[in-house]
>>> print(open('work_39.cif').read())   # mmCIF, C-alpha atoms
data_coords
loop_
_atom_site.label_atom_id
_atom_site.label_comp_id
_atom_site.auth_asym_id
_atom_site.auth_seq_id
_atom_site.Cartn_x
_atom_site.Cartn_y
_atom_site.Cartn_z
CA MET A 1 0.00 0.00 0.00
CA LYS A 2 2.82 2.44 0.87
CA LYS A 3 4.56 1.71 -2.43
CA GLN A 4 1.40 2.49 -4.36
CA LYS A 5 0.91 5.75 -2.43
CA PHE A 6 4.50 6.79 -3.18
CA LYS A 7 3.98 5.99 -6.87
CA TYR A 8 0.83 8.13 -6.91
CA TRP A 9 2.63 11.12 -5.36
CA ALA A 10 5.65 10.70 -7.65
CA TYR A 11 3.37 10.82 -10.70
CA ALA A 12 1.54 13.82 -9.30
CA VAL A 13 4.80 15.70 -8.76
CA LEU A 14 6.10 14.84 -12.24
CA ILE A 15 2.86 15.83 -13.92
CA SER A 16 2.71 19.10 -11.97
CA ALA A 17 6.31 19.92 -12.88
CA PHE A 18 5.64 19.15 -16.54
CA PHE A 19 2.61 21.43 -16.63
CA CYS A 20 4.51 24.26 -14.92
CA VAL A 21 7.31 24.05 -17.48
CA TRP A 22 4.88 23.67 -20.36
CA LEU A 23 2.70 26.57 -19.22
CA THR A 24 5.62 28.99 -18.83
CA GLY A 25 7.01 27.92 -22.21
CA MET A 26 3.66 28.43 -23.92
CA THR A 27 3.18 31.79 -22.23
CA ALA A 28 6.67 32.93 -23.25
CA GLY A 29 6.09 31.79 -26.84
CA LEU A 30 2.67 33.37 -27.25
CA MET A 31 3.77 36.65 -25.72
CA ALA A 32 6.95 36.65 -27.86
CA GLY A 33 4.80 36.40 -30.96
CA ALA A 34 2.74 39.39 -29.86
CA CYS A 35 5.90 41.29 -28.89
CA ARG A 36 7.42 40.82 -32.36
CA ASN A 37 4.19 41.86 -34.06
CA ASP A 38 4.33 45.39 -35.48
CA ARG A 39 0.59 45.71 -34.92
CA TYR A 40 1.31 46.61 -31.30
CA GLU A 41 3.27 49.66 -30.21
CA GLY A 42 4.30 51.41 -27.04
CA ALA A 43 2.95 50.24 -23.70
CA LYS A 44 1.04 47.26 -25.09
CA LYS A 45 4.10 45.97 -26.96
CA LEU A 46 6.23 46.54 -23.86
CA ARG A 47 3.80 44.52 -21.75
CA PHE A 48 3.92 41.57 -24.16
CA CYS A 49 7.73 41.70 -24.28
CA ASN A 50 8.07 41.86 -20.50
CA ILE A 51 5.73 38.92 -19.98
CA SER A 52 7.63 36.87 -22.56
CA LEU A 53 11.01 37.65 -21.02
CA THR A 54 9.77 36.95 -17.50
CA ALA A 55 8.03 33.68 -18.37
CA GLY A 56 11.00 32.48 -20.42
CA ALA A 57 13.68 33.57 -17.93
CA TRP A 58 14.27 29.98 -16.83
CA MET A 59 15.29 29.09 -20.40
CA SER A 60 18.14 31.62 -20.59
CA PHE A 61 20.70 29.29 -19.00
CA SER A 62 22.18 28.41 -22.41
CA SER A 63 23.87 30.76 -24.83
CA LEU A 64 21.65 29.47 -27.65
CA GLU A 65 18.47 30.43 -25.80
CA ARG A 66 19.92 33.85 -24.96
CA ALA A 67 20.83 34.37 -28.63
CA LYS A 68 17.34 33.36 -29.73
CA GLY A 69 15.80 35.67 -27.12
CA SER A 70 17.85 38.64 -28.30
CA ARG A 71 15.05 39.59 -30.70
CA ILE A 72 12.56 39.88 -27.84
CA GLN A 73 15.02 41.99 -25.86
CA MET A 74 15.46 44.25 -28.89
CA GLU A 75 11.70 44.54 -29.41
CA ARG A 76 11.48 45.49 -25.73
CA GLY A 77 14.01 48.26 -26.42
CA ILE A 78 11.91 49.47 -29.34
CA ALA A 79 8.82 49.57 -27.11
CA LEU A 80 10.73 51.42 -24.39
CA SER A 81 11.86 53.99 -26.93
CA GLN A 82 8.26 54.40 -28.10
CA VAL A 83 7.04 55.12 -24.56
CA GLY A 84 9.77 57.71 -23.99
CA GLU A 85 12.28 55.69 -21.93
CA PRO A 86 15.51 56.10 -23.95
CA GLU A 87 17.86 55.10 -21.09
CA LYS A 88 16.02 51.83 -20.54
CA ALA A 89 15.86 51.31 -24.30
CA LEU A 90 19.65 51.66 -24.50
CA ARG A 91 20.08 49.02 -21.79
CA ALA A 92 17.66 46.68 -23.58
CA PHE A 93 19.49 47.18 -26.90
CA ASP A 94 22.83 46.54 -25.20
CA GLN A 95 21.50 43.34 -23.63
CA ALA A 96 20.05 42.23 -26.98
CA LEU A 97 23.37 42.81 -28.73
CA ARG A 98 25.33 40.94 -26.03
CA ASN A 99 22.85 38.05 -26.16
CA ALA A 100 23.03 37.89 -29.96
CA ARG A 101 26.82 37.78 -29.81
CA SER A 102 26.84 35.03 -27.18
CA ARG A 103 26.47 32.34 -29.83
CA PRO A 104 27.68 32.16 -33.43
CA GLY A 105 24.86 32.38 -35.92
CA PRO A 106 22.56 34.82 -37.68
CA TRP A 107 21.34 36.44 -34.46
CA GLU A 108 23.10 39.80 -34.72
CA TRP A 109 22.35 40.06 -38.43
CA GLU A 110 18.64 39.53 -37.69
CA LEU A 111 18.72 42.40 -35.20
CA HIS A 112 20.28 44.72 -37.78
CA GLN A 113 17.71 43.62 -40.37
CA ARG A 114 14.88 44.42 -37.97
CA MET A 115 16.28 47.89 -37.37
CA LEU A 116 16.48 48.52 -41.11
CA GLN A 117 12.72 47.94 -41.30
CA LEU A 118 12.00 50.44 -38.54
CA GLU A 119 10.88 53.92 -39.52
CA ASP A 120 11.43 55.54 -36.11
CA HIS A 121 14.68 57.49 -36.53
CA ASN A 122 15.14 58.12 -32.79
CA THR A 123 15.01 54.41 -32.00
CA VAL A 124 17.40 53.61 -34.86
CA ALA A 125 19.80 56.27 -33.55
CA LEU A 126 19.73 54.63 -30.11
CA TRP A 127 20.50 51.26 -31.72
CA VAL A 128 23.38 52.71 -33.74
CA SER A 129 24.87 54.27 -30.61
CA VAL A 130 24.79 50.90 -28.82
CA VAL A 131 26.41 49.12 -31.79
CA GLU A 132 29.10 51.79 -32.08
CA ALA A 133 29.85 51.62 -28.34
CA ALA A 134 30.16 47.82 -28.50
CA LYS A 135 32.84 47.88 -31.21
#
>>> encode(input="work_39.cif", output="structure tokens")
Amino acid sequence: MKKQKFKYWAYAVLISAFFCVWLTGMTAGLMAGACRNDRYEGAKKLRFCNISLTAGAWMSFSSLERAKGSRIQMERGIALSQVGEPEKALRAFDQALRNARSRPGPWEWELHQRMLQLEDHNTVALWVSVVEAAK
């Protein structure tokens, strides 16, 4: 009887842990999609980006996950610039650039491509200043 009770609790713990990991991963993914969407701007975009980064924080232990998340960090910087927080936007851009450079691949190039699409000259100027400072 005790063995069966232990088995029941072990399954319950494993299932609970799985759902916690799955739920945070799904939340991070869904919010990342909304964060990257140009349909949202300013405070709404910032909220989606912050939720995605917070929910996915447990995944940033590897350099690959940090590099993949650099786009969300950059989108957060864009949103911060849109709401009039240039100092915070600079920090977000710096973090995005460092994360993109943490792993070889197309990550940094994708950030530059995204900035080329942006029509907000103030935000682009902030990005250029971060790139120049990182050289």
>>> atom_distance(input="work_39.cif", atom1="atom CA of A:Pro104", atom2="atom CA of A:Leu116")
21.3 Å
>>> residues_around(input="work_39.cif", residues="A:Ser70", least_positions_apart="2", cutoff="8 Å", atoms="all atoms listed in the file", output="ChimeraX atom specification")
/A:66-68,72-74,95-97,99-100,107,111
>>> resolve_selection(input="work_39.cif", expression="the PyMOL selection byres ((chain A and resi 89) around 8)", output="list in words")
Arg76, Gly77, Ile78, Ala79, Leu80, Ser81, Glu85, Pro86, Glu87, Lys88, Leu90, Arg91, Ala92, Phe93 and Leu126 of chain A
>>> atom_distance(input="work_39.cif", atom1="atom CA of A:Ala57", atom2="atom CA of A:Ser16")
19.1 Å
>>> resolve_selection(input="work_39.cif", expression="the PyMOL selection byres ((chain A and resi 33-50) around 7)", output="compact mmCIF listing (two decimals) with C-alpha atoms, in the frame of the given file")
# COMPACT_ATOMS: atom_id res chain seq x y z
CA GLY A 29 6.09 31.79 -26.84
CA LEU A 30 2.67 33.37 -27.25
CA MET A 31 3.77 36.65 -25.72
CA ALA A 32 6.95 36.65 -27.86
CA ILE A 51 5.73 38.92 -19.98
CA SER A 52 7.63 36.87 -22.56
CA LEU A 53 11.01 37.65 -21.02
CA THR A 54 9.77 36.95 -17.50
CA ILE A 72 12.56 39.88 -27.84
CA GLU A 75 11.70 44.54 -29.41
CA ARG A 76 11.48 45.49 -25.73
CA ALA A 79 8.82 49.57 -27.11
CA LEU A 80 10.73 51.42 -24.39
CA GLN A 82 8.26 54.40 -28.10
CA VAL A 83 7.04 55.12 -24.56
>>> closest_residue(input="work_39.cif", among="A:Asp94, A:Phe18, A:Trp58, A:Thr24", to="A:Val130", atoms="only C-alpha atoms")
A:Asp94
>>> atom_distance(input="work_39.cif", atom1="atom CA of A:Arg103", atom2="atom CA of A:Arg71")
13.6 Å
>>> decode(input="work_39.cif", residues="stretch 33-44 of chain A", atoms="all heavy atoms", output="PDB file, in the first residue's frame")
ATOM      1  N   GLY A  33       5.425  36.156 -29.672  1.00  0.00           N
ATOM      2  CA  GLY A  33       4.797  36.402 -30.965  1.00  0.00           C
ATOM      3  C   GLY A  33       4.104  37.757 -31.006  1.00  0.00           C
ATOM      4  O   GLY A  33       4.208  38.495 -31.981  1.00  0.00           O
ATOM      5  N   ALA A  34       3.411  38.093 -29.928  1.00  0.00           N
ATOM      6  CA  ALA A  34       2.741  39.392 -29.860  1.00  0.00           C
ATOM      7  C   ALA A  34       3.759  40.522 -29.753  1.00  0.00           C
ATOM      8  O   ALA A  34       3.575  41.592 -30.334  1.00  0.00           O
ATOM      9  CB  ALA A  34       1.784  39.428 -28.672  1.00  0.00           C
ATOM     10  N   CYS A  35       4.846  40.280 -29.040  1.00  0.00           N
ATOM     11  CA  CYS A  35       5.904  41.294 -28.887  1.00  0.00           C
ATOM     12  C   CYS A  35       6.552  41.622 -30.233  1.00  0.00           C
ATOM     13  O   CYS A  35       6.839  42.780 -30.524  1.00  0.00           O
ATOM     14  CB  CYS A  35       6.946  40.771 -27.897  1.00  0.00           C
ATOM     15  SG  CYS A  35       8.408  41.787 -27.734  1.00  0.00           S
ATOM     16  N   ARG A  36       6.773  40.618 -31.051  1.00  0.00           N
ATOM     17  CA  ARG A  36       7.419  40.823 -32.358  1.00  0.00           C
ATOM     18  C   ARG A  36       6.468  41.406 -33.394  1.00  0.00           C
ATOM     19  O   ARG A  36       6.903  41.891 -34.436  1.00  0.00           O
ATOM     20  CB  ARG A  36       7.978  39.496 -32.874  1.00  0.00           C
ATOM     21  CG  ARG A  36       9.188  39.020 -32.133  1.00  0.00           C
ATOM     22  CD  ARG A  36       9.829  37.834 -32.818  1.00  0.00           C
ATOM     23  NE  ARG A  36       8.888  36.767 -33.065  1.00  0.00           N
ATOM     24  CZ  ARG A  36       8.786  35.658 -32.347  1.00  0.00           C
ATOM     25  NH1 ARG A  36       9.558  35.474 -31.319  1.00  0.00           N
ATOM     26  NH2 ARG A  36       7.914  34.732 -32.664  1.00  0.00           N
ATOM     27  N   ASN A  37       5.187  41.388 -33.117  1.00  0.00           N
ATOM     28  CA  ASN A  37       4.185  41.862 -34.063  1.00  0.00           C
ATOM     29  C   ASN A  37       4.186  43.388 -34.120  1.00  0.00           C
ATOM     30  O   ASN A  37       4.057  44.056 -33.101  1.00  0.00           O
ATOM     31  CB  ASN A  37       2.805  41.351 -33.632  1.00  0.00           C
ATOM     32  CG  ASN A  37       1.780  41.497 -34.700  1.00  0.00           C
ATOM     33  OD1 ASN A  37       1.872  42.367 -35.549  1.00  0.00           O
ATOM     34  ND2 ASN A  37       0.770  40.642 -34.647  1.00  0.00           N
ATOM     35  N   ASP A  38       4.323  43.936 -35.318  1.00  0.00           N
ATOM     36  CA  ASP A  38       4.330  45.390 -35.482  1.00  0.00           C
ATOM     37  C   ASP A  38       2.950  46.016 -35.292  1.00  0.00           C
ATOM     38  O   ASP A  38       2.816  47.233 -35.293  1.00  0.00           O
ATOM     39  CB  ASP A  38       4.872  45.764 -36.865  1.00  0.00           C
ATOM     40  CG  ASP A  38       6.375  45.651 -36.927  1.00  0.00           C
ATOM     41  OD1 ASP A  38       7.019  45.774 -35.872  1.00  0.00           O
ATOM     42  OD2 ASP A  38       6.908  45.455 -38.029  1.00  0.00           O
ATOM     43  N   ARG A  39       1.939  45.199 -35.134  1.00  0.00           N
ATOM     44  CA  ARG A  39       0.590  45.711 -34.917  1.00  0.00           C
ATOM     45  C   ARG A  39       0.486  46.424 -33.567  1.00  0.00           C
ATOM     46  O   ARG A  39      -0.317  47.324 -33.388  1.00  0.00           O
ATOM     47  CB  ARG A  39      -0.385  44.538 -34.978  1.00  0.00           C
ATOM     48  CG  ARG A  39      -1.828  44.936 -34.897  1.00  0.00           C
ATOM     49  CD  ARG A  39      -2.704  43.772 -35.201  1.00  0.00           C
ATOM     50  NE  ARG A  39      -2.932  43.022 -33.967  1.00  0.00           N
ATOM     51  CZ  ARG A  39      -3.466  41.834 -33.925  1.00  0.00           C
ATOM     52  NH1 ARG A  39      -3.785  41.210 -35.038  1.00  0.00           N
ATOM     53  NH2 ARG A  39      -3.682  41.228 -32.788  1.00  0.00           N
ATOM     54  N   TYR A  40       1.328  46.005 -32.628  1.00  0.00           N
ATOM     55  CA  TYR A  40       1.312  46.605 -31.296  1.00  0.00           C
ATOM     56  C   TYR A  40       2.473  47.575 -31.150  1.00  0.00           C
ATOM     57  O   TYR A  40       3.563  47.333 -31.652  1.00  0.00           O
ATOM     58  CB  TYR A  40       1.414  45.521 -30.222  1.00  0.00           C
ATOM     59  CG  TYR A  40       0.333  44.482 -30.332  1.00  0.00           C
ATOM     60  CD1 TYR A  40       0.642  43.189 -30.709  1.00  0.00           C
ATOM     61  CD2 TYR A  40      -0.989  44.805 -30.065  1.00  0.00           C
ATOM     62  CE1 TYR A  40      -0.353  42.232 -30.829  1.00  0.00           C
ATOM     63  CE2 TYR A  40      -1.985  43.860 -30.185  1.00  0.00           C
ATOM     64  CZ  TYR A  40      -1.662  42.567 -30.564  1.00  0.00           C
ATOM     65  OH  TYR A  40      -2.639  41.631 -30.676  1.00  0.00           O
ATOM     66  N   GLU A  41       2.236  48.663 -30.445  1.00  0.00           N
ATOM     67  CA  GLU A  41       3.273  49.662 -30.206  1.00  0.00           C
ATOM     68  C   GLU A  41       3.193  50.142 -28.764  1.00  0.00           C
ATOM     69  O   GLU A  41       2.167  49.995 -28.101  1.00  0.00           O
ATOM     70  CB  GLU A  41       3.105  50.861 -31.150  1.00  0.00           C
ATOM     71  CG  GLU A  41       3.431  50.564 -32.587  1.00  0.00           C
ATOM     72  CD  GLU A  41       3.375  51.814 -33.454  1.00  0.00           C
ATOM     73  OE1 GLU A  41       3.020  52.896 -32.944  1.00  0.00           O
ATOM     74  OE2 GLU A  41       3.684  51.695 -34.641  1.00  0.00           O
ATOM     75  N   GLY A  42       4.269  50.739 -28.328  1.00  0.00           N
ATOM     76  CA  GLY A  42       4.298  51.407 -27.037  1.00  0.00           C
ATOM     77  C   GLY A  42       4.072  50.500 -25.853  1.00  0.00           C
ATOM     78  O   GLY A  42       4.680  49.438 -25.727  1.00  0.00           O
ATOM     79  N   ALA A  43       3.169  50.934 -24.972  1.00  0.00           N
ATOM     80  CA  ALA A  43       2.947  50.244 -23.699  1.00  0.00           C
ATOM     81  C   ALA A  43       2.435  48.820 -23.887  1.00  0.00           C
ATOM     82  O   ALA A  43       2.825  47.913 -23.146  1.00  0.00           O
ATOM     83  CB  ALA A  43       1.980  51.050 -22.838  1.00  0.00           C
ATOM     84  N   LYS A  44       1.583  48.605 -24.864  1.00  0.00           N
ATOM     85  CA  LYS A  44       1.041  47.263 -25.095  1.00  0.00           C
ATOM     86  C   LYS A  44       2.143  46.312 -25.561  1.00  0.00           C
ATOM     87  O   LYS A  44       2.254  45.183 -25.088  1.00  0.00           O
ATOM     88  CB  LYS A  44      -0.090  47.324 -26.118  1.00  0.00           C
ATOM     89  CG  LYS A  44      -0.926  46.077 -26.167  1.00  0.00           C
ATOM     90  CD  LYS A  44      -2.175  46.316 -26.982  1.00  0.00           C
ATOM     91  CE  LYS A  44      -3.175  45.228 -26.731  1.00  0.00           C
ATOM     92  NZ  LYS A  44      -4.430  45.473 -27.416  1.00  0.00           N
TER      93      LYS A  44
END
